[in-house]
Amino acid sequence: MGASTSSGKLVFTGHNGLSPGDKVKVKCSLAEFKKLQDGHGGWNDKMKDIIGKQLLLECFDKDKDALVSHNNSGGFYVNAKSLQKVLDRDIQLAKGDKFKFAEDKNKNSELHWLSPAPQSVPGSLKGLTGVVLEDDGVFAKVAIQFSNGDVYRANCVKDNLTW
């Protein structure tokens, strides 16, 4: 495990097989999660809302607690022992989850447009945003907003989305 200095703080770059930038989820029950928080930043009732959600591991603090965030809405320091690294296809998306198309996975051919299909599709979907309508495990039915404000629905392979 390495460490680096950022703003005078020691920030660990890897712990329990996890590294900053990893997509993670809480792997334990609510009761166990609360227990694991003792001595690791304590418990906040809003933390129960991140169980089962895809989280971004931002960094580790000097005590090796992980800062995780969901949908860029702030974050929590949690005991790294409560986290598990996940692949995009392992995450169950929720209706209303917001996303954008990942920089390196912007292949228009991997979208299956639902009626009515757009008349013209941008060559790159990079940076376009949308919202999840439903998730069947492999594909997510999404609503995608184009830069001109038009919104179209499509089935999309979940690996193409970032949160």
# chains A, B, ... in the order shown; residues from 1 in each chain; ligands from 1

$ residues_around --residues "region 54-56 of chain A" --least-positions-apart "5" --cutoff "6 Å" --atoms "only C-alpha atoms" --output "VMD selection string"
chain A and resid 23 to 25 68 to 70

$ residues_around --residues "Glu58 (chain A)" --least-positions-apart "5" --cutoff "6 Å" --atoms "only C-alpha atoms" --output "list in words"
Pro20, Gly21, Leu67 and Val68 of chain A

$ write_last_selection --atoms "N, CA, C and O atoms" --output "CSV table (one decimal), in the first residue's frame"
chain,number,residue,atom,x,y,z
A,20,PRO,N,-8.5,4.4,-4.6
A,20,PRO,CA,-9.3,5.5,-5.0
A,20,PRO,C,-9.7,5.4,-6.5
A,20,PRO,O,-8.9,4.9,-7.3
A,21,GLY,N,-10.9,5.7,-6.8
A,21,GLY,CA,-11.4,5.6,-8.2
A,21,GLY,C,-12.2,4.3,-8.4
A,21,GLY,O,-13.0,4.2,-9.3
A,67,LEU,N,-13.3,7.5,2.0
A,67,LEU,CA,-14.3,8.5,1.7
A,67,LEU,C,-15.0,8.0,0.4
A,67,LEU,O,-14.4,7.8,-0.6
A,68,VAL,N,-16.4,7.8,0.5
A,68,VAL,CA,-17.2,7.3,-0.6
A,68,VAL,C,-18.2,8.4,-0.9
A,68,VAL,O,-18.7,9.1,0.0

$ closest_residue --among "A:Leu128, A:Val121, A:Ser115, A:Val78" --to "Trp43 (chain A)" --atoms "only C-alpha atoms"
A:Val78

$ select_by_dssp --residues "region 23-73 of chain A" --states "helix (DSSP H, G or I)" --output "PyMOL selection string"
chain A and resi 30-36+45-50

$ select_by_dssp --residues "region 35-153 of chain A" --states "strand (DSSP E or B)" --output "VMD selection string"
chain A and resid 55 to 60 65 to 69 75 to 79 83 to 85 98 to 101 111 to 113 129 to 135 139 to 145 151 to 153
